[in-house]
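Here's the structure we're looking at; comments come further down.
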Amino acid sequence: MGRSVWFVGAALAAVFALTGCATVNGDGGGGGDSGGGAVPGKAGSPSSASADPEPSGYAQPEDWTDPQRWAALPRGKRTDERGSEVEFPHTTEGAVAMAVASNQTAMEGENTTVDEQLRLYHAYVSERDQSPEVAERVEKHALDTDKMLAQDMGIAAGDPLPPGAYVRTTVVGFKVIKKSSHEVGVWVLARVVQKKGEIEREDSSYTRTLIGVEWQDGDWKLSTGVTRQAQQDVQGQTEPKMVAPGDAEFNAVGWTAIREAS
């Protein structure tokens with residue numbers, strides 16, 4: 001697996017770590033638990049984030065085990081000027097749907113990590129957790145990620161990705177740890193995949209993100225305060241293992257799989 005796959009997972013972590021709105025771990029290659037070093041550029045963050053580049057050795061079992069828990073999450077009422085769904089329902093499912101949306105990205109063609117990270121930042125981070133300094137650090141870290149992707153794919157920095165090349169992050173599961181009418185703490189499990197071109201193989205890794213969201217001004221937003229409370233709530237508990245839907249352990253650790261809403 002290319003180093004850039006786990007680094008892109010770390011790049012997603014940067015949006016949250018720089019604001020203190022989530023705690024992120026990455027497996028570096030296919031699943032399993034790991035810790036690791038700090039995400040570059042997160043100095044001063046009240047939260048933590050890590051992505052370990054060492055493969056965990058996880059391999060999805062050949063036998064498929066149906067997930068015991070499924071959810072069809074609601075969509076946001078509208079799409080903002082940067083292309084993000086916003087205005088989710090004032091329900092637990094709406095909060096989870098926003099958390100899922102804030103963890104999904106696609107870099108392909110001329111769409112860059114900078115585009116995606118700033119899109120997430122402006123759409124989903126609470127206004128009280130935003131600042132020009134934080135936005136600048138998020139953008140700088142995303143630029144560093146784009147440079148690494150360009151090097152890994154053999155193109156000049158700033159050029160569009162090759163035809164058929166992409167890096168996508170897709171949420172495949174979640175686990176609510178605490179909920180109330182205005183605050184929700186949730187683990188989010190995502191798969192990061194990279195392909196360098198039409199005939200290249202697809203590499204993948206997983207990330208596990210602890211997110212705190214709060215109902216503010218008619219929508220759910222990522223919140224430093226709620227995330228800190230979620231971190232306290234899970235202290236001393238075993239973090240849910242990063243395993244794919246279809247693995248029996250997906251059920252054992254309490255993940256809920258996501259079904260596409262109609």
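Each chain in the structure tokens gets a letter, A, B, ..., in the order shown, and its residues are numbered from 1; ligands are numbered from 1 in order too.
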
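By chain and then residue number, the residues within 12 Å of Asp217 (chain A) are Val86, Glu87, Phe88, His90, Ser126, Glu127, Arg128, His182, Glu214, Trp220 and Lys221 of chain A, counting only C-alpha atoms and disregarding those fewer than 3 positions away in sequence.
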
Those same residues - N, CA and C atoms - I'd like them written as a CSV table (one decimal), in the first residue's frame.
```csv
chain,number,residue,atom,x,y,z
A,86,VAL,N,-26.1,20.0,3.8
A,86,VAL,CA,-26.2,20.7,5.1
A,86,VAL,C,-27.7,20.7,5.4
A,87,GLU,N,-28.0,21.2,6.7
A,87,GLU,CA,-29.4,21.2,7.2
A,87,GLU,C,-30.0,19.8,7.3
A,88,PHE,N,-29.3,19.0,8.2
A,88,PHE,CA,-29.8,17.7,8.5
A,88,PHE,C,-30.9,17.7,9.6
A,90,HIS,N,-33.2,17.3,12.9
A,90,HIS,CA,-32.9,17.4,14.3
A,90,HIS,C,-33.2,16.1,15.0
A,126,SER,N,-18.2,23.9,13.7
A,126,SER,CA,-18.9,24.9,14.4
A,126,SER,C,-18.2,26.3,14.2
A,127,GLU,N,-19.0,27.3,14.1
A,127,GLU,CA,-18.4,28.7,13.9
A,127,GLU,C,-17.5,29.0,15.1
A,128,ARG,N,-17.9,28.6,16.3
A,128,ARG,CA,-17.1,29.0,17.4
A,128,ARG,C,-15.7,28.3,17.4
A,182,HIS,N,-29.6,17.5,21.8
A,182,HIS,CA,-28.8,18.5,21.2
A,182,HIS,C,-27.3,18.1,21.0
A,214,GLU,N,-23.0,18.9,17.7
A,214,GLU,CA,-24.0,19.7,18.5
A,214,GLU,C,-25.0,20.4,17.6
A,220,TRP,N,-26.7,20.4,12.5
A,220,TRP,CA,-25.7,19.7,13.3
A,220,TRP,C,-24.3,20.2,12.9
A,221,LYS,N,-23.4,20.5,13.9
A,221,LYS,CA,-22.1,20.9,13.6
A,221,LYS,C,-21.0,20.1,14.5
```

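In this structure, CA of Val176 (chain A) sits 11.6 Å away from CA of Ala97 (chain A).
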
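If you measure from each of A:Thr112, A:Ala123, A:Gln60, A:Val171 to Glu85 (chain A) using only C-alpha atoms, the closest one turns out to be A:Ala123.
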
Filtered DSSP result for region 135-206 of chain A, state strand (DSSP E), as a PyMOL selection string: chain A and resi 166-179+183-195+202-206

Can I get the selected residues back with N, CA and C atoms, as a short mmCIF file (atom, residue, chain, number, x, y, z; two decimals), in the first residue's frame?
```
data_model
loop_
_atom_site.label_atom_id
_atom_site.label_comp_id
_atom_site.auth_asym_id
_atom_site.auth_seq_id
_atom_site.Cartn_x
_atom_site.Cartn_y
_atom_site.Cartn_z
N TYR A 166 -7.75 8.26 -8.45
CA TYR A 166 -8.57 8.91 -7.42
C TYR A 166 -8.09 8.52 -6.03
N VAL A 167 -8.53 9.31 -5.05
CA VAL A 167 -8.41 8.96 -3.64
C VAL A 167 -9.76 9.29 -3.02
N ARG A 168 -10.45 8.28 -2.49
CA ARG A 168 -11.80 8.46 -1.97
C ARG A 168 -11.90 7.94 -0.54
N THR A 169 -12.62 8.68 0.27
CA THR A 169 -12.93 8.24 1.62
C THR A 169 -14.44 8.04 1.73
N THR A 170 -14.84 6.82 2.11
CA THR A 170 -16.26 6.47 2.20
C THR A 170 -16.54 5.87 3.57
N VAL A 171 -17.53 6.39 4.26
CA VAL A 171 -17.91 5.85 5.56
C VAL A 171 -18.69 4.56 5.38
N VAL A 172 -18.29 3.52 6.12
CA VAL A 172 -18.93 2.20 5.98
C VAL A 172 -19.65 1.76 7.25
N GLY A 173 -19.45 2.49 8.36
CA GLY A 173 -20.12 2.09 9.59
C GLY A 173 -20.03 3.18 10.65
N PHE A 174 -20.86 3.05 11.70
CA PHE A 174 -20.83 3.99 12.81
C PHE A 174 -21.28 3.31 14.09
N LYS A 175 -20.96 3.94 15.21
CA LYS A 175 -21.37 3.42 16.52
C LYS A 175 -21.62 4.60 17.45
N VAL A 176 -22.88 4.84 17.78
CA VAL A 176 -23.25 5.93 18.68
C VAL A 176 -22.87 5.56 20.11
N ILE A 177 -22.18 6.47 20.79
CA ILE A 177 -21.78 6.19 22.17
C ILE A 177 -22.61 6.97 23.19
N LYS A 178 -23.18 8.11 22.76
CA LYS A 178 -23.99 8.91 23.67
C LYS A 178 -24.86 9.84 22.84
N LYS A 179 -26.09 10.06 23.30
CA LYS A 179 -26.97 10.94 22.54
C LYS A 179 -27.93 11.67 23.46
N GLU A 183 -26.94 16.94 21.49
CA GLU A 183 -25.55 16.51 21.40
C GLU A 183 -25.48 15.01 21.10
N VAL A 184 -24.53 14.62 20.24
CA VAL A 184 -24.33 13.21 19.92
C VAL A 184 -22.84 12.93 19.82
N GLY A 185 -22.41 11.83 20.45
CA GLY A 185 -21.04 11.35 20.30
C GLY A 185 -21.07 10.05 19.50
N VAL A 186 -20.22 9.94 18.49
CA VAL A 186 -20.31 8.78 17.60
C VAL A 186 -18.93 8.41 17.05
N TRP A 187 -18.67 7.09 16.99
CA TRP A 187 -17.52 6.58 16.25
C TRP A 187 -17.93 6.44 14.79
N VAL A 188 -17.04 6.82 13.88
CA VAL A 188 -17.29 6.67 12.44
C VAL A 188 -16.16 5.84 11.84
N LEU A 189 -16.53 4.81 11.09
CA LEU A 189 -15.56 3.92 10.43
C LEU A 189 -15.56 4.21 8.94
N ALA A 190 -14.40 4.55 8.38
CA ALA A 190 -14.31 4.90 6.97
C ALA A 190 -13.22 4.12 6.26
N ARG A 191 -13.42 3.92 4.98
CA ARG A 191 -12.44 3.24 4.12
C ARG A 191 -11.85 4.26 3.16
N VAL A 192 -10.52 4.35 3.15
CA VAL A 192 -9.80 5.23 2.23
C VAL A 192 -9.21 4.38 1.12
N VAL A 193 -9.55 4.71 -0.14
CA VAL A 193 -9.03 3.93 -1.27
C VAL A 193 -8.30 4.86 -2.24
N GLN A 194 -7.24 4.33 -2.83
CA GLN A 194 -6.47 5.08 -3.82
C GLN A 194 -6.21 4.21 -5.04
N LYS A 195 -6.34 4.84 -6.20
CA LYS A 195 -5.98 4.19 -7.46
C LYS A 195 -5.19 5.18 -8.29
N GLU A 202 -6.23 -1.00 -6.79
CA GLU A 202 -6.77 -0.11 -5.77
C GLU A 202 -6.22 -0.51 -4.41
N ASP A 203 -5.57 0.42 -3.71
CA ASP A 203 -5.08 0.21 -2.35
C ASP A 203 -6.05 0.83 -1.36
N SER A 204 -6.07 0.29 -0.14
CA SER A 204 -7.04 0.80 0.83
C SER A 204 -6.50 0.77 2.25
N SER A 205 -7.12 1.58 3.08
CA SER A 205 -6.88 1.57 4.52
C SER A 205 -8.16 2.00 5.21
N TYR A 206 -8.20 1.92 6.53
CA TYR A 206 -9.38 2.30 7.29
C TYR A 206 -9.02 3.38 8.31
#
```

Tell me, as a compact mmCIF listing (two decimals) with C-alpha atoms, in the first residue's frame, which residues lie within 8 Å of Asp159 (chain A), counting only C-alpha atoms; anything in the same chain fewer than 4 positions away does not count.
```txt
# COMPACT_ATOMS: atom_id res chain seq x y z
CA GLU A 110 -8.89 18.63 -10.82
CA ALA A 150 1.42 14.18 -6.95
CA ILE A 155 2.84 13.98 -11.80
```

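Nearest residue to Arg228 (chain A) among A:Leu210, A:Thr113, A:Ala165, A:Pro74 is A:Leu210, counting only C-alpha atoms.
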
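Every protein, DNA or RNA residue with an atom at most 6 Å from region 134-143 of chain A, where only C-alpha atoms count and chain neighbours fewer than 2 positions away do not, is listed here: Val15, Thr113, Val114, Ser131, Pro132, Thr145 and Asp146 of chain A.
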
Pick the closest to Val96 (chain A) from A:Met153, A:Leu73, A:Met148, A:Pro61: which is it, counting only C-alpha atoms? A:Leu73

Mind checking which residues fall within 12 Å of Glu81 (chain A), counting only C-alpha atoms, ignoring those fewer than 2 positions away in the same chain, and posting them as a PyMOL selection string? chain A and resi 78-79+83-86+118-120+122-123

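The interatomic distance for the pair CA of Gln232 (chain A) and CA of Ile211 (chain A) works out to 12.2 Å.
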
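Distances here use only C-alpha atoms; by that measure, the residue among A:Gln229, A:Tyr121, A:Asn251, A:Glu108 closest to Leu149 (chain A) is A:Glu108.
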
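Residues lying within 12 Å of Ile199 (chain A), counting only C-alpha atoms and ignoring same-chain neighbours fewer than 6 positions away, are Pro162, Pro163, Gly164 and Ala165 of chain A.
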
Using only all heavy atoms, please write the residues we just selected to a file, as a PDB file, in the first residue's frame.
```
ATOM      1  N   PRO A 162      -4.111  11.725 -12.879  1.00  0.00           N
ATOM      2  CA  PRO A 162      -4.206  11.019 -14.165  1.00  0.00           C
ATOM      3  C   PRO A 162      -5.603  10.444 -14.384  1.00  0.00           C
ATOM      4  O   PRO A 162      -6.351  10.216 -13.426  1.00  0.00           O
ATOM      5  CB  PRO A 162      -3.161   9.897 -14.023  1.00  0.00           C
ATOM      6  CG  PRO A 162      -2.230  10.352 -12.946  1.00  0.00           C
ATOM      7  CD  PRO A 162      -3.069  11.159 -12.003  1.00  0.00           C
ATOM      8  N   PRO A 163      -5.976  10.177 -15.640  1.00  0.00           N
ATOM      9  CA  PRO A 163      -7.272   9.547 -15.920  1.00  0.00           C
ATOM     10  C   PRO A 163      -7.415   8.227 -15.148  1.00  0.00           C
ATOM     11  O   PRO A 163      -6.504   7.413 -15.124  1.00  0.00           O
ATOM     12  CB  PRO A 163      -7.211   9.290 -17.427  1.00  0.00           C
ATOM     13  CG  PRO A 163      -6.271  10.326 -17.950  1.00  0.00           C
ATOM     14  CD  PRO A 163      -5.225  10.484 -16.877  1.00  0.00           C
ATOM     15  N   GLY A 164      -8.541   8.059 -14.505  1.00  0.00           N
ATOM     16  CA  GLY A 164      -8.789   6.844 -13.742  1.00  0.00           C
ATOM     17  C   GLY A 164      -8.189   6.838 -12.356  1.00  0.00           C
ATOM     18  O   GLY A 164      -8.382   5.885 -11.594  1.00  0.00           O
ATOM     19  N   ALA A 165      -7.460   7.903 -11.994  1.00  0.00           N
ATOM     20  CA  ALA A 165      -6.843   7.986 -10.664  1.00  0.00           C
ATOM     21  C   ALA A 165      -7.780   8.690  -9.691  1.00  0.00           C
ATOM     22  O   ALA A 165      -8.517   9.603 -10.069  1.00  0.00           O
ATOM     23  CB  ALA A 165      -5.515   8.719 -10.743  1.00  0.00           C
TER      24      ALA A 165
END
```

Identify, with DSSP run on backbone atoms, the residues in region 120-229 of chain A assigned to alpha helix (DSSP H), and express the list as a PyMOL selection string. chain A and resi 120-124+132-153+224-229

Taking N, CA, C and O atoms for each residue, export the selection above as a compact mmCIF listing (two decimals), in the first residue's frame.
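Printed below is out16.txt as written:
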```txt
# COMPACT_ATOMS: atom_id res chain seq x y z
N LEU A 120 -15.10 20.73 3.76
CA LEU A 120 -15.53 20.16 5.03
C LEU A 120 -15.46 21.17 6.16
O LEU A 120 -16.36 21.28 6.99
N TYR A 121 -14.37 21.91 6.19
CA TYR A 121 -14.16 22.88 7.27
C TYR A 121 -15.29 23.91 7.30
O TYR A 121 -15.89 24.15 8.35
N HIS A 122 -15.59 24.50 6.15
CA HIS A 122 -16.60 25.57 6.13
C HIS A 122 -18.02 25.04 6.30
O HIS A 122 -18.88 25.75 6.83
N ALA A 123 -18.26 23.80 5.89
CA ALA A 123 -19.63 23.26 5.97
C ALA A 123 -19.96 22.72 7.35
O ALA A 123 -21.11 22.87 7.81
N TYR A 124 -19.00 22.09 8.01
CA TYR A 124 -19.35 21.27 9.16
C TYR A 124 -18.75 21.68 10.50
O TYR A 124 -19.25 21.25 11.54
N PRO A 132 -9.39 32.26 11.34
CA PRO A 132 -8.50 32.37 10.17
C PRO A 132 -7.23 31.55 10.32
O PRO A 132 -6.73 30.97 9.35
N GLU A 133 -6.70 31.48 11.55
CA GLU A 133 -5.46 30.73 11.78
C GLU A 133 -5.67 29.23 11.57
O GLU A 133 -4.84 28.56 10.95
N VAL A 134 -6.79 28.72 12.05
CA VAL A 134 -7.07 27.30 11.88
C VAL A 134 -7.30 26.98 10.40
O VAL A 134 -6.78 26.00 9.87
N ALA A 135 -8.05 27.82 9.72
CA ALA A 135 -8.30 27.61 8.29
C ALA A 135 -6.99 27.60 7.51
O ALA A 135 -6.80 26.79 6.59
N GLU A 136 -6.07 28.48 7.90
CA GLU A 136 -4.77 28.53 7.21
C GLU A 136 -3.99 27.25 7.44
O GLU A 136 -3.36 26.72 6.51
N ARG A 137 -4.02 26.71 8.65
CA ARG A 137 -3.29 25.48 8.93
C ARG A 137 -3.91 24.28 8.21
O ARG A 137 -3.20 23.41 7.72
N VAL A 138 -5.24 24.25 8.16
CA VAL A 138 -5.92 23.18 7.42
C VAL A 138 -5.51 23.22 5.95
O VAL A 138 -5.19 22.18 5.35
N GLU A 139 -5.50 24.41 5.37
CA GLU A 139 -5.13 24.54 3.96
C GLU A 139 -3.68 24.15 3.73
O GLU A 139 -3.37 23.46 2.74
N LYS A 140 -2.79 24.55 4.62
CA LYS A 140 -1.37 24.20 4.46
C LYS A 140 -1.17 22.69 4.51
O LYS A 140 -0.42 22.12 3.72
N HIS A 141 -1.84 22.03 5.45
CA HIS A 141 -1.69 20.59 5.55
C HIS A 141 -2.25 19.89 4.31
O HIS A 141 -1.67 18.92 3.82
N ALA A 142 -3.37 20.41 3.79
CA ALA A 142 -3.95 19.84 2.58
C ALA A 142 -3.01 20.03 1.38
O ALA A 142 -2.87 19.14 0.54
N LEU A 143 -2.35 21.18 1.30
CA LEU A 143 -1.37 21.41 0.24
C LEU A 143 -0.23 20.40 0.31
O LEU A 143 0.22 19.88 -0.71
N ASP A 144 0.24 20.13 1.53
CA ASP A 144 1.30 19.13 1.71
C ASP A 144 0.83 17.75 1.23
O ASP A 144 1.59 17.00 0.62
N THR A 145 -0.42 17.43 1.53
CA THR A 145 -0.97 16.15 1.09
C THR A 145 -1.05 16.07 -0.43
O THR A 145 -0.71 15.05 -1.04
N ASP A 146 -1.49 17.17 -1.06
CA ASP A 146 -1.56 17.18 -2.53
C ASP A 146 -0.17 17.01 -3.16
O ASP A 146 -0.04 16.33 -4.19
N LYS A 147 0.84 17.61 -2.55
CA LYS A 147 2.20 17.45 -3.06
C LYS A 147 2.64 15.98 -2.97
O LYS A 147 3.27 15.45 -3.88
N MET A 148 2.30 15.31 -1.84
CA MET A 148 2.67 13.91 -1.69
C MET A 148 1.91 13.04 -2.69
O MET A 148 2.49 12.12 -3.29
N LEU A 149 0.64 13.34 -2.91
CA LEU A 149 -0.13 12.57 -3.89
C LEU A 149 0.46 12.72 -5.29
O LEU A 149 0.58 11.74 -6.03
N ALA A 150 0.83 13.95 -5.63
CA ALA A 150 1.42 14.18 -6.95
C ALA A 150 2.70 13.38 -7.12
O ALA A 150 2.93 12.75 -8.16
N GLN A 151 3.55 13.40 -6.10
CA GLN A 151 4.80 12.64 -6.16
C GLN A 151 4.52 11.15 -6.28
O GLN A 151 5.16 10.44 -7.08
N ASP A 152 3.56 10.66 -5.50
CA ASP A 152 3.24 9.24 -5.51
C ASP A 152 2.68 8.79 -6.86
O ASP A 152 2.90 7.65 -7.28
N MET A 153 1.96 9.69 -7.53
CA MET A 153 1.34 9.33 -8.81
C MET A 153 2.19 9.73 -10.02
O MET A 153 1.78 9.55 -11.16
N THR A 224 -15.97 21.08 19.39
CA THR A 224 -14.85 20.76 20.27
C THR A 224 -15.34 20.30 21.64
O THR A 224 -14.88 19.30 22.18
N GLY A 225 -16.30 21.06 22.21
CA GLY A 225 -16.77 20.73 23.55
C GLY A 225 -17.42 19.37 23.63
O GLY A 225 -17.16 18.60 24.56
N VAL A 226 -18.27 19.03 22.66
CA VAL A 226 -18.94 17.73 22.67
C VAL A 226 -17.93 16.61 22.41
O VAL A 226 -18.04 15.52 22.97
N THR A 227 -16.94 16.88 21.58
CA THR A 227 -15.90 15.87 21.32
C THR A 227 -15.10 15.59 22.58
O THR A 227 -14.80 14.43 22.89
N ARG A 228 -14.76 16.63 23.32
CA ARG A 228 -14.03 16.43 24.58
C ARG A 228 -14.84 15.57 25.55
O ARG A 228 -14.30 14.70 26.22
N GLN A 229 -16.15 15.83 25.59
CA GLN A 229 -17.00 15.03 26.46
C GLN A 229 -17.05 13.58 25.98
O GLN A 229 -17.01 12.64 26.79
```

Kindly give the distance, in Å, that separates CA of Val125 (chain A) and CA of Arg208 (chain A), rounded to a single decimal. 18.4 Å

List as a list of chain:residue names the protein and nucleic acid residues near Glu62 (chain A), meaning an atom at most 12 Å away when only C-alpha atoms are counted, but skip any in the same chain fewer than 5 places from it. A:Ala244, A:Pro245, A:Gly246, A:Asp247, A:Ala248

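Among the candidates A:Ala252, A:Met98, A:Gly154, A:Lys241, the one nearest to Gly212 (chain A) when counting only C-alpha atoms is A:Met98.
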